[in-house]
>>> print(open('input-v2.txt').read())   # compact mmCIF, C-alpha atoms
# COMPACT_ATOMS: atom_id res chain seq x y z
CA MET C 198 -16.47 -7.84 -4.80
CA ASP C 199 -17.39 -4.64 -6.63
CA LEU C 200 -16.27 -1.47 -4.90
CA LYS C 201 -18.00 1.84 -5.59
CA ALA C 202 -14.59 3.38 -6.12
CA PRO C 203 -10.95 2.49 -5.63
CA LEU C 204 -9.61 2.95 -2.12
CA GLU C 205 -6.31 4.29 -3.34
CA VAL C 206 -5.27 6.03 -6.52
CA GLY C 207 -1.64 6.63 -7.39
CA ILE C 208 -1.11 9.72 -9.50
CA GLU C 209 2.12 9.86 -11.44
CA VAL C 210 2.28 13.64 -11.61
CA THR C 211 5.28 13.62 -13.93
CA SER C 212 7.57 11.21 -15.70
CA LYS C 213 10.52 13.52 -15.09
CA CYS C 214 13.09 12.46 -12.53
CA ASN C 215 16.43 13.95 -11.57
CA GLN C 216 17.76 10.49 -10.73
CA LYS C 217 17.92 7.34 -12.77
CA CYS C 218 17.43 4.24 -10.61
CA PHE C 219 18.39 1.23 -12.66
CA PHE C 220 15.23 -0.67 -11.63
CA CYS C 221 12.66 2.14 -11.99
CA ILE C 222 9.32 0.52 -12.80
CA ALA C 223 8.00 3.81 -14.20
CA ASN C 224 10.96 4.11 -16.55
CA SER C 225 11.29 7.76 -15.49
CA GLN C 226 13.27 10.09 -17.70
CA CYS C 227 15.24 13.30 -17.30
CA CYS C 228 12.73 15.36 -19.34
CA GLN C 229 9.15 16.31 -18.71
CA LEU C 230 6.68 15.07 -21.31
CA THR C 231 4.83 17.85 -23.11
CA TYR C 232 1.43 16.20 -22.74
CA GLU C 233 1.51 15.86 -18.94
CA LEU C 234 -1.59 16.96 -17.06
CA HIS C 235 -1.39 20.61 -16.07
CA THR C 236 -2.34 22.00 -12.67
CA GLU C 237 -6.05 22.52 -13.33
CA GLN C 238 -6.43 19.10 -14.94
CA LEU C 239 -4.82 17.50 -11.90
CA LYS C 240 -7.13 19.41 -9.56
CA ASN C 241 -10.11 18.33 -11.61
CA VAL C 242 -9.09 14.67 -11.31
CA ILE C 243 -8.57 15.08 -7.57
CA SER C 244 -12.08 16.54 -7.20
CA GLN C 245 -13.51 13.58 -9.07
CA LEU C 246 -11.61 11.14 -6.84
CA SER C 247 -12.84 12.86 -3.71
CA ASP C 248 -16.44 12.91 -4.99
CA ILE C 249 -16.56 9.15 -5.55
CA GLY C 250 -15.08 8.31 -2.12
CA VAL C 251 -11.44 7.48 -2.78
CA ALA C 252 -9.63 7.28 0.58
CA LEU C 253 -6.04 7.94 -0.39
CA VAL C 254 -4.26 9.63 -3.23
CA HIS C 255 -0.57 8.96 -3.59
CA PHE C 256 1.59 11.36 -5.58
CA THR C 257 4.40 9.65 -7.35
CA GLY C 258 6.30 9.95 -10.61
CA GLY C 259 8.97 10.39 -11.80
CA GLU C 260 10.02 12.71 -9.03
CA PRO C 261 6.94 14.70 -7.90
CA LEU C 262 9.08 17.53 -6.54
CA THR C 263 10.33 18.38 -10.02
CA ARG C 264 6.88 19.94 -10.56
CA SER C 265 6.80 23.51 -9.32
CA ASP C 266 3.02 23.30 -8.71
CA ILE C 267 3.19 20.13 -6.61
CA PHE C 268 2.27 21.77 -3.30
CA ASP C 269 -0.53 23.76 -4.90
CA VAL C 270 -2.00 20.43 -6.04
CA TYR C 271 -1.15 18.77 -2.72
CA CYS C 272 -2.96 21.47 -0.71
CA TYR C 273 -5.94 21.23 -3.02
CA ALA C 274 -6.17 17.48 -2.40
CA LYS C 275 -5.94 18.07 1.33
CA ASP C 276 -8.67 20.74 1.17
CA VAL C 277 -11.10 18.35 -0.53
CA GLY C 278 -10.57 15.88 2.31
CA LEU C 279 -8.30 13.25 0.80
CA ASP C 280 -5.53 11.46 2.64
CA ILE C 281 -2.37 12.05 0.68
CA GLY C 282 0.88 10.21 0.34
CA ILE C 283 3.90 11.41 -1.55
CA SER C 284 6.94 9.45 -2.73
CA THR C 285 10.18 11.25 -3.42
CA ASN C 286 13.89 10.57 -3.69
CA GLY C 287 14.50 13.33 -1.16
CA THR C 288 17.04 15.30 -3.18
CA LEU C 289 14.76 18.29 -3.83
CA ILE C 290 13.18 18.57 -0.41
CA HIS C 291 15.30 21.59 0.52
CA ARG C 292 13.45 23.58 -2.17
CA TYR C 293 10.07 22.99 -0.57
CA PHE C 294 10.96 22.53 3.07
CA LYS C 295 8.65 25.28 4.38
CA GLU C 296 5.70 24.02 2.32
CA ILE C 297 6.32 20.46 3.47
CA CYS C 298 6.41 21.43 7.14
CA LYS C 299 3.17 23.36 6.73
CA THR C 300 1.19 20.77 4.80
CA VAL C 301 2.65 17.27 4.82
CA ASP C 302 2.05 14.73 7.58
CA ALA C 303 3.86 11.80 6.06
CA ILE C 304 6.31 11.31 3.25
CA GLN C 305 8.00 8.31 1.66
CA ILE C 306 11.66 8.64 0.69
CA SER C 307 13.76 6.21 -1.33
CA LEU C 308 16.98 5.10 0.31
CA ASN C 309 18.72 2.20 -1.36
CA GLY C 310 22.02 1.99 0.47
CA SER C 311 23.56 2.69 3.85
CA SER C 312 26.52 4.36 2.16
CA SER C 313 26.93 6.76 -0.73
CA LEU C 314 28.77 4.04 -2.62
CA VAL C 315 25.78 1.71 -2.86
CA HIS C 316 22.96 4.28 -2.79
CA ASN C 317 24.53 6.38 -5.52
CA GLU C 318 25.36 3.35 -7.62
CA ILE C 319 21.65 2.50 -7.61
CA GLN C 320 20.07 5.97 -7.80
CA GLY C 321 22.81 7.94 -9.53
CA PHE C 322 23.61 10.47 -6.80
CA GLY C 323 22.15 12.17 -3.76
CA PHE C 324 22.94 9.99 -0.72
CA GLN C 325 23.99 12.85 1.54
CA LYS C 326 21.22 15.17 0.34
CA THR C 327 18.64 12.48 1.02
CA LEU C 328 20.03 11.78 4.48
CA ASN C 329 20.04 15.49 5.35
CA ALA C 330 16.46 15.79 4.14
CA ILE C 331 15.28 12.83 6.24
CA ARG C 332 17.00 14.22 9.36
CA LYS C 333 15.49 17.65 8.86
CA LEU C 334 12.00 16.23 8.30
CA THR C 335 12.04 13.91 11.33
CA ASP C 336 13.46 16.71 13.48
CA ASN C 337 10.42 18.73 12.48
CA GLY C 338 7.96 16.00 13.37
CA ILE C 339 7.16 14.79 9.86
CA LYS C 340 6.57 11.05 9.61
CA VAL C 341 9.05 9.58 7.16
CA THR C 342 8.89 6.14 5.61
CA ILE C 343 12.14 4.89 4.14
CA SER C 344 11.49 2.85 1.06
CA THR C 345 14.13 0.41 -0.16
CA VAL C 346 14.02 -1.90 -3.13
CA ALA C 347 15.93 -5.07 -2.33
CA CYS C 348 18.33 -6.12 -5.07
CA GLN C 349 21.72 -7.81 -5.40
CA LYS C 350 23.50 -4.46 -5.23
CA ASN C 351 22.21 -3.70 -1.72
CA TYR C 352 21.30 -7.15 -0.39
CA LYS C 353 24.28 -7.45 1.95
CA GLU C 354 23.71 -4.08 3.53
CA ILE C 355 19.98 -4.30 4.14
CA PRO C 356 20.59 -4.67 7.92
CA LYS C 357 22.76 -1.55 7.79
CA ILE C 358 20.08 0.37 5.87
CA PHE C 359 17.59 -0.61 8.56
CA GLU C 360 20.00 0.41 11.33
CA LEU C 361 20.44 3.75 9.57
CA ALA C 362 16.65 4.10 9.38
CA THR C 363 16.35 3.59 13.13
CA ARG C 364 19.06 6.19 13.79
CA LEU C 365 17.22 8.64 11.55
CA ASN C 366 14.06 8.20 13.66
CA VAL C 367 11.84 7.37 10.75
CA SER C 368 8.33 6.02 11.33
CA ALA C 369 8.46 3.12 8.93
CA PHE C 370 10.83 1.00 6.92
CA HIS C 371 9.43 -0.50 3.75
CA LEU C 372 11.49 -3.10 1.92
CA SER C 373 10.09 -4.27 -1.38
CA ASP C 374 10.98 -6.71 -4.09
CA LEU C 375 12.55 -5.64 -7.37
CA MET C 376 9.70 -5.97 -9.85
CA PRO C 377 9.85 -6.97 -13.51
CA ALA C 378 8.61 -3.75 -15.07
CA GLY C 379 10.04 -0.64 -16.69
CA ARG C 380 13.84 -0.64 -16.38
CA GLY C 381 13.42 -3.34 -13.74
CA LEU C 382 12.34 -5.83 -16.40
CA SER C 383 15.70 -5.95 -18.17
CA VAL C 384 17.71 -6.37 -14.94
CA TRP C 385 15.20 -8.50 -13.10
CA LYS C 386 16.84 -11.90 -13.68
CA ASP C 387 20.26 -10.77 -12.49
CA GLN C 388 19.32 -8.33 -9.77
CA ARG C 389 16.25 -9.76 -8.00
CA LEU C 390 16.74 -11.58 -4.71
CA ASP C 391 15.95 -15.27 -4.71
CA HIS C 392 13.61 -16.94 -2.25
CA SER C 393 16.40 -18.03 0.12
CA GLN C 394 17.78 -14.49 0.29
CA TRP C 395 14.36 -13.18 1.26
CA GLN C 396 14.17 -15.91 3.87
CA LYS C 397 17.46 -14.64 5.33
CA ILE C 398 16.11 -11.10 5.43
CA PHE C 399 13.06 -12.26 7.37
CA SER C 400 15.36 -14.24 9.72
CA TYR C 401 17.40 -11.10 10.33
CA PHE C 402 14.32 -9.16 11.40
CA ASP C 403 13.16 -12.11 13.50
CA SER C 404 16.56 -12.21 15.20
CA LEU C 405 16.19 -8.60 16.32
CA ASN C 406 13.40 -9.88 18.53
CA GLY C 407 12.32 -6.59 20.01
CA SER C 408 15.79 -5.09 20.25
CA VAL C 409 14.87 -2.34 17.79
CA ASN C 410 12.75 0.69 18.36
CA LYS C 411 9.16 -0.56 18.45
CA ASP C 412 7.90 2.69 16.98
CA ILE C 413 9.26 1.76 13.57
CA LEU C 414 6.78 -0.10 11.46
CA VAL C 415 8.62 -2.70 9.40
CA ASN C 416 7.05 -3.75 6.14
CA LEU C 417 8.76 -6.51 4.23
CA ASP C 418 6.84 -6.72 1.01
CA TYR C 419 7.70 -10.03 -0.56
CA THR C 420 4.84 -11.80 -2.31
CA PHE C 421 5.94 -15.31 -1.33
CA SER C 422 6.86 -14.74 2.30
CA PHE C 423 3.85 -16.84 3.34
CA LEU C 424 5.91 -19.90 2.39
CA PHE C 425 8.12 -19.39 5.45
CA ASN C 426 6.21 -16.80 7.44
CA LYS C 427 2.67 -18.06 7.91
CA ASN C 428 1.95 -15.81 10.88
CA LYS C 429 2.56 -12.78 8.65
CA ASN C 430 5.09 -11.05 10.89
CA TYR C 431 6.27 -7.95 9.10
CA TYR C 432 4.27 -9.00 6.13
CA TYR C 433 1.68 -7.11 4.28
CA SER C 434 0.77 -6.86 0.71
CA ALA C 435 -0.21 -3.44 -0.42
CA ASN C 436 -2.07 -4.91 -3.33
CA LYS C 437 -4.53 -7.13 -1.60
CA MET C 438 -7.71 -6.82 0.30
CA GLN C 439 -8.29 -9.27 3.10
CA THR C 440 -11.74 -10.28 4.28
CA ILE C 441 -11.94 -10.05 8.04
CA GLY C 442 -12.61 -13.47 9.50
CA SER C 443 -11.20 -15.31 6.53
CA GLU C 444 -7.70 -16.67 6.03
CA ALA C 445 -8.23 -16.79 2.32
CA SER C 446 -6.50 -14.15 0.31
CA ALA C 447 -7.51 -12.95 -3.11
CA ARG C 448 -5.09 -12.36 -5.89
CA CYS C 449 -3.45 -8.95 -6.16
CA SER C 450 -6.38 -6.57 -6.44
CA CYS C 451 -5.13 -3.97 -8.86
CA GLY C 452 -8.10 -2.57 -10.72
CA GLU C 453 -10.33 -3.52 -7.79
CA THR C 454 -9.03 -1.58 -4.79
CA ARG C 455 -6.56 0.67 -6.56
CA CYS C 456 -5.43 2.05 -9.85
CA TYR C 457 -3.01 4.61 -11.23
CA ILE C 458 -3.07 7.67 -13.40
CA ALA C 459 -0.14 8.29 -15.73
CA PRO C 460 1.35 11.75 -16.32
CA ASN C 461 -0.63 12.00 -19.58
CA GLY C 462 -3.96 11.09 -17.94
CA ASP C 463 -4.06 7.41 -18.87
CA VAL C 464 -5.76 5.33 -16.19
CA PHE C 465 -4.15 1.94 -15.66
CA PRO C 466 -4.45 -0.80 -13.04
CA CYS C 467 -0.90 -1.06 -11.72
CA PRO C 468 2.61 0.23 -12.44
CA LEU C 469 3.40 -3.27 -13.69
CA LEU C 470 0.49 -3.14 -16.11
CA ARG C 471 0.99 0.33 -17.51
CA ASN C 472 0.63 -0.87 -21.10
CA LEU C 473 -2.95 -1.84 -20.33
CA VAL C 474 -4.88 1.42 -20.39
CA ALA C 475 -8.47 1.56 -19.16
CA GLY C 476 -9.14 5.07 -20.49
CA ASN C 477 -7.88 8.63 -20.32
CA ILE C 478 -9.24 11.21 -17.93
CA LYS C 479 -8.86 13.95 -20.54
CA THR C 480 -11.66 12.34 -22.53
CA LYS C 481 -13.77 10.46 -19.95
CA SER C 482 -14.69 10.91 -16.31
CA PHE C 483 -12.80 8.81 -13.79
CA LYS C 484 -16.05 7.26 -12.59
CA GLU C 485 -16.94 6.15 -16.11
CA ILE C 486 -13.51 4.59 -16.62
CA TRP C 487 -13.62 2.85 -13.23
CA ASN C 488 -17.12 1.44 -13.70
CA GLU C 489 -17.24 0.71 -17.40
CA SER C 490 -13.79 -0.03 -18.76
CA THR C 491 -13.64 -3.53 -20.19
CA LEU C 492 -10.10 -3.87 -18.83
CA PHE C 493 -11.13 -3.22 -15.21
CA LEU C 494 -14.19 -5.46 -15.56
CA SER C 495 -12.01 -8.26 -16.89
CA LEU C 496 -9.35 -7.82 -14.18
CA ARG C 497 -11.99 -7.96 -11.43
CA LYS C 498 -13.18 -11.30 -12.76
CA THR C 499 -9.58 -12.56 -12.81
CA ILE C 500 -8.82 -11.41 -9.26
CA ASN C 501 -11.58 -13.56 -7.86
CA SER C 502 -10.59 -16.76 -9.58
CA VAL C 503 -7.39 -18.73 -9.04
CA PRO C 504 -5.38 -19.13 -12.28
CA SER C 505 -5.76 -22.61 -13.79
CA ASP C 506 -2.05 -23.39 -13.37
CA CYS C 507 -2.33 -22.74 -9.61
CA ILE C 508 -5.53 -24.69 -8.88
CA ALA C 509 -3.69 -27.80 -7.68
CA CYS C 510 -1.36 -25.83 -5.40
CA SER C 511 -1.89 -26.31 -1.67
CA GLU C 512 -0.69 -22.77 -0.97
CA ARG C 513 -3.04 -21.01 -3.36
CA ARG C 514 -5.22 -19.61 -0.58
CA TYR C 515 -2.31 -17.46 0.57
CA CYS C 516 -1.52 -15.77 -2.72
CA GLY C 517 -4.47 -16.44 -5.00
CA GLY C 518 -2.03 -16.77 -7.89
CA GLY C 519 0.25 -13.85 -7.05
CA CYS C 520 0.98 -10.70 -8.99
CA MET C 521 -0.86 -10.26 -12.28
CA GLY C 522 1.62 -7.61 -13.42
CA SER C 523 4.55 -9.98 -13.03
CA ALA C 524 2.63 -12.68 -14.87
CA TYR C 525 1.90 -10.28 -17.71
CA ASN C 526 5.42 -8.90 -18.01
CA LEU C 527 7.17 -12.25 -17.72
CA SER C 528 4.80 -14.40 -19.73
CA GLY C 529 2.54 -12.10 -21.74
CA SER C 530 -0.67 -12.97 -19.90
CA TYR C 531 -2.07 -11.90 -16.53
CA LEU C 532 -4.44 -14.89 -16.59
CA ILE C 533 -1.72 -17.32 -15.51
CA GLY C 534 -0.14 -17.65 -12.06
CA ASP C 535 2.82 -15.49 -11.07
CA PRO C 536 5.89 -16.99 -12.80
CA ARG C 537 8.13 -15.76 -9.94
CA CYS C 538 6.52 -18.28 -7.58
CA PRO C 539 9.24 -20.39 -5.88
CA ILE C 540 6.98 -23.45 -6.03
CA LYS C 541 6.66 -23.13 -9.80
CA THR C 542 10.35 -22.44 -10.36
CA LYS C 543 11.34 -25.51 -8.32
CA LYS C 544 9.42 -27.83 -10.62
CA MET A 234 -1.38 1.35 22.08
CA SER A 235 -0.12 -2.15 21.53
CA ASN A 236 -2.81 -4.27 23.12
CA LYS A 237 -3.12 -6.88 20.40
CA ASN A 238 -3.37 -9.90 22.63
CA LYS A 239 -5.65 -8.55 25.32
CA GLU A 240 -9.10 -9.93 25.76
CA ILE A 241 -12.18 -7.98 24.81
CA THR A 242 -14.27 -7.56 27.96
CA ASN A 243 -17.36 -5.55 28.77
CA GLU A 244 -15.34 -3.09 30.82
CA VAL A 245 -13.33 -1.64 27.97
CA PHE A 246 -14.04 1.35 25.78
CA ILE A 247 -13.10 0.50 22.22
CA ARG A 248 -12.12 3.06 19.64
CA CYS A 249 -11.06 2.98 16.01
CA LYS A 250 -7.56 4.22 15.37
CA LYS A 251 -7.23 7.58 13.69
CA ASN A 252 -5.34 6.10 10.78
CA VAL A 253 -8.26 3.83 9.93
CA LYS A 254 -10.71 4.85 7.22
CA PHE A 255 -14.07 3.28 6.59
CA ARG A 256 -16.40 3.25 3.60
CA ARG A 257 -19.81 1.66 3.26
CA GLU A 258 -20.28 -0.67 0.31
CA ASP A 259 -23.23 -2.76 -0.93
CA PHE A 260 -21.62 -5.92 0.52
CA GLY A 261 -20.81 -4.30 3.90
CA CYS A 262 -17.79 -2.07 4.14
CA VAL A 263 -14.14 -1.61 3.34
CA ILE A 264 -11.56 -0.51 5.86
CA TYR A 265 -8.29 1.09 5.00
CA ASP A 266 -5.37 1.22 7.43
CA ARG A 267 -3.19 4.14 6.45
CA ASN A 268 -0.29 2.99 8.64
CA THR A 269 0.17 -0.34 6.94
CA ASN A 270 -1.49 0.54 3.66
CA SER A 271 -3.75 -2.49 4.11
CA PHE A 272 -7.31 -2.96 2.98
CA TYR A 273 -9.96 -5.11 4.59
CA SER A 274 -13.54 -5.91 3.73
CA CYS A 275 -16.32 -7.13 5.95
CA ASN A 276 -19.98 -8.02 5.86
CA PRO A 277 -22.96 -5.80 6.85
CA SER A 278 -22.83 -6.85 10.53
CA GLY A 279 -19.13 -5.99 10.70
CA ALA A 280 -19.87 -2.69 9.02
CA PHE A 281 -22.59 -1.98 11.58
CA ILE A 282 -20.19 -2.65 14.47
CA ILE A 283 -17.40 -0.50 13.05
CA GLU A 284 -19.73 2.33 12.13
CA ASN A 285 -21.07 2.44 15.68
CA LEU A 286 -17.61 2.23 17.21
CA ARG A 287 -16.58 5.22 15.13
CA GLU A 288 -19.61 7.10 16.40
CA GLY A 289 -18.48 6.45 19.98
CA SER A 290 -20.87 3.67 21.00
CA TYR A 291 -19.88 1.37 23.84
CA LEU A 292 -19.49 -2.36 23.37
CA GLN A 293 -22.64 -3.16 25.37
CA GLN A 294 -24.65 -0.63 23.38
CA ILE A 295 -23.55 -2.24 20.12
CA ILE A 296 -24.44 -5.71 21.37
CA LYS A 297 -27.84 -4.44 22.48
CA MET A 298 -28.50 -2.84 19.10
CA LEU A 299 -27.53 -6.05 17.30
CA CYS A 300 -29.81 -8.09 19.58
CA GLU A 301 -32.66 -5.78 18.58
CA LYS A 302 -31.70 -6.08 14.93
CA PHE A 303 -31.55 -9.89 15.07
CA PRO A 304 -34.26 -10.87 17.61
CA ASP A 305 -34.19 -14.54 16.57
CA GLU A 306 -30.52 -14.88 17.42
CA SER A 307 -29.37 -15.77 20.93
CA PRO A 308 -27.93 -12.70 22.77
CA ASP A 309 -25.07 -14.84 24.07
CA LYS A 310 -24.12 -15.85 20.56
CA ILE A 311 -24.29 -12.24 19.37
CA GLU A 312 -22.07 -11.12 22.23
CA LYS A 313 -19.60 -13.90 21.49
CA ASP A 314 -19.56 -13.05 17.76
CA VAL A 315 -19.07 -9.34 18.39
CA LYS A 316 -16.19 -9.97 20.77
CA SER A 317 -14.59 -12.39 18.35
CA PHE A 318 -14.87 -9.85 15.54
CA LEU A 319 -13.40 -7.11 17.73
CA SER A 320 -10.54 -9.41 18.73
CA GLN A 321 -9.65 -9.71 15.07
CA LEU A 322 -9.77 -5.95 14.58
CA LEU A 323 -7.58 -5.58 17.65
CA TYR A 324 -5.11 -8.12 16.32
CA MET A 325 -4.97 -6.28 12.99
CA GLY A 326 -4.27 -3.05 14.83
CA LEU A 327 -7.42 -1.33 13.58
CA ILE A 328 -8.84 -0.57 17.02
CA TYR A 329 -7.55 0.02 20.51
CA TYR A 330 -9.19 0.14 23.85
CA GLU A 331 -9.14 2.18 26.99
CA LYS A 332 -10.17 1.02 30.43
>>> encode(input="input-v2.txt", output="structure tokens")
Amino acid sequence: MDLKAPLEVGIEVTSKCNQKCFFCIANSQCCQLTYELHTEQLKNVISQLSDIGVALVHFTGGEPLTRSDIFDVYCYAKDVGLDIGISTNGTLIHRYFKEICKTVDAIQISLNGSSSLVHNEIQGFGFQKTLNAIRKLTDNGIKVTISTVACQKNYKEIPKIFELATRLNVSAFHLSDLMPAGRGLSVWKDQRLDHSQWQKIFSYFDSLNGSVNKDILVNLDYTFSFLFNKNKNYYYSANKMQTIGSEASARCSCGETRCYIAPNGDVFPCPLLRNLVAGNIKTKSFKEIWNESTLFLSLRKTINSVPSDCIACSERRYCGGGCMGSAYNLSGSYLIGDPRCPIKTKK
Amino acid sequence: MSNKNKEITNEVFIRCKKNVKFRREDFGCVIYDRNTNSFYSCNPSGAFIIENLREGSYLQQIIKMLCEKFPDESPDKIEKDVKSFLSQLLYMGLIYYEK
């Protein structure tokens, strides 16, 4: 299925971050890189994305709010008609509060613990600042999504994090899996949750059975939840496109429905595949990279075929072979099935 | 707006949710749900239905237009197919309806 353009593009506006999460898939650093795209280059990319019909641009990093021009760029993207998302750790929101209230409809904030002990152990610092920021934003009618990466350090308090999210009146709670990329790769074996722990998390949300505020959208983003959650309660995969009327699900569609732009202008399919660069927007147009890069063309072929090691699997229609980024980072090839698969690891 | 399990009848006025974006493609269309960050694709007939819903057409108008577009197809079957398609959109939270 060839799309005219991606539906979503993530722009890593900087690699600088004031925190240092131990599982950061972007491997963010405390310093800004000298070759990062400057304001006008970012605006130029945004114009190109708007012109080819991209629906959503998501600003990420690093910490986007470490860039002093971030709301200049944000407003520009809004003016050219794009939907915009922004992911932040929340610790710098006080600097831009007026701008945020004027321009931002929705914002995603990382919260990885229900207490400063756990949150700060994971992110370095900032629990109280982040909480204050979330309260202030929701009080002012801004839709906040709390984003939590599930790992061994916070596994036991995931219910408490969710309870905190409900008390903070956020719009959505997004719990995702610790992925094997960036700093996450070296801690992945020890810190990821196993399949049975994810099953317990799903059971917890099932047990709430309507006792929580229905206005909170709960997204539990675990690739293999279909093994115990066929009706897809709470489940979505941000990386897939589903065909209406079909139960079949393609493999993760990075490079088909979405891609990313690195702080230096490199265009790549997914944060887990950042070493695979399709081109650089300083030297080629985005459209040219999207349509002609051999990497994207090859990935699109891969997405639509089940990996040979998954062909015999009765569950393949639900995952299509899983995450190509995980396959690449854990085995060296995105052509094989996702090595994290609980069916494979049981064998 | 949670009316996921209700039946699509001729008496309802169906609308696309504000958080839902739509883009025409050669194979039909893609739909993007901003709330759940989910993407969907559908064929040209699905694209036709969604496009007309977004323009404010009523269910019966859409069925009539499809009957004109596919004169060899039975109107009853078209109506059944349209309602089935809309039920799926409703279940996915992409549309809602008002009496």
>>> atom_distance(input="input-v2.txt", atom1="CA of Cys227 (chain C)", atom2="CA of Ser212 (chain C)")
8.1 Å
>>> atom_distance(input="input-v2.txt", atom1="CA of Arg513 (chain C)", atom2="CA of Leu470 (chain C)")
22.2 Å
>>> interface_residues(input="input-v2.txt", of="chain A", to="chain C", cutoff="7 Å", atoms="all atoms listed in the file", output="VMD selection string")
chain A and resid 258 270 to 275
>>> atom_distance(input="input-v2.txt", atom1="CA of Ser450 (chain C)", atom2="CA of Phe219 (chain C)")
26.7 Å
>>> residues_around(input="input-v2.txt", residues="region 531-540 of chain C", least_positions_apart="2", cutoff="6 Å", atoms="only C-alpha atoms", output="ChimeraX atom specification")
/C:504,518-521,524-525,542-543
>>> residues_around(input="input-v2.txt", residues="Pro277 (chain A)", least_positions_apart="2", cutoff="12 Å", atoms="only C-alpha atoms", output="VMD selection string")
(chain C and resid 441) or (chain A and resid 256 to 263 274 to 275 279 to 284 299 302)
>>> residues_around(input="input-v2.txt", residues="Asp463 (chain C)", least_positions_apart="2", cutoff="8 Å", atoms="only C-alpha atoms", output="NGL selection string")
:C and (458-461 or 465 or 474-478)
>>> residues_around(input="input-v2.txt", residues="Lys310 (chain A)", least_positions_apart="5", cutoff="12 Å", atoms="all atoms listed in the file", output="VMD selection string")
chain A and resid 296 299 to 300 303 to 305 315 to 317
>>> closest_residue(input="input-v2.txt", among="C:Gly462, C:Gly259, C:Gly287, C:Gly381", to="Arg332 (chain C)", atoms="all atoms listed in the file")
C:Gly287
>>> residues_around(input="input-v2.txt", residues="region 309-319 of chain C", least_positions_apart="4", cutoff="6 Å", atoms="all atoms listed in the file", output="JSON, numbers by chain")
{"C": [218, 324, 345, 357, 358]}
>>> write_last_selection(input="input-v2.txt", atoms="C-alpha atoms", output="JSON list (two decimals), in the frame of the given file")
[["chain", "number", "residue", "atom", "x", "y", "z"],
["C", 218, "CYS", "CA", 17.43, 4.24, -10.61],
["C", 324, "PHE", "CA", 22.94, 9.99, -0.72],
["C", 345, "THR", "CA", 14.13, 0.41, -0.16],
["C", 357, "LYS", "CA", 22.76, -1.55, 7.79],
["C", 358, "ILE", "CA", 20.08, 0.37, 5.87]]
>>> residues_near_point(input="input-v2.txt", point="(-12.3, -0.7, 13.6)", cutoff="8 Å", atoms="all atoms listed in the file", output="PyMOL selection string")
chain A and resi 248-250+253+264+283+286-287+319+322-323+327-328
>>> closest_residue(input="input-v2.txt", among="C:Leu382, C:Ser482, C:Val210, C:Arg448", to="Asn241 (chain C)", atoms="only C-alpha atoms")
C:Ser482
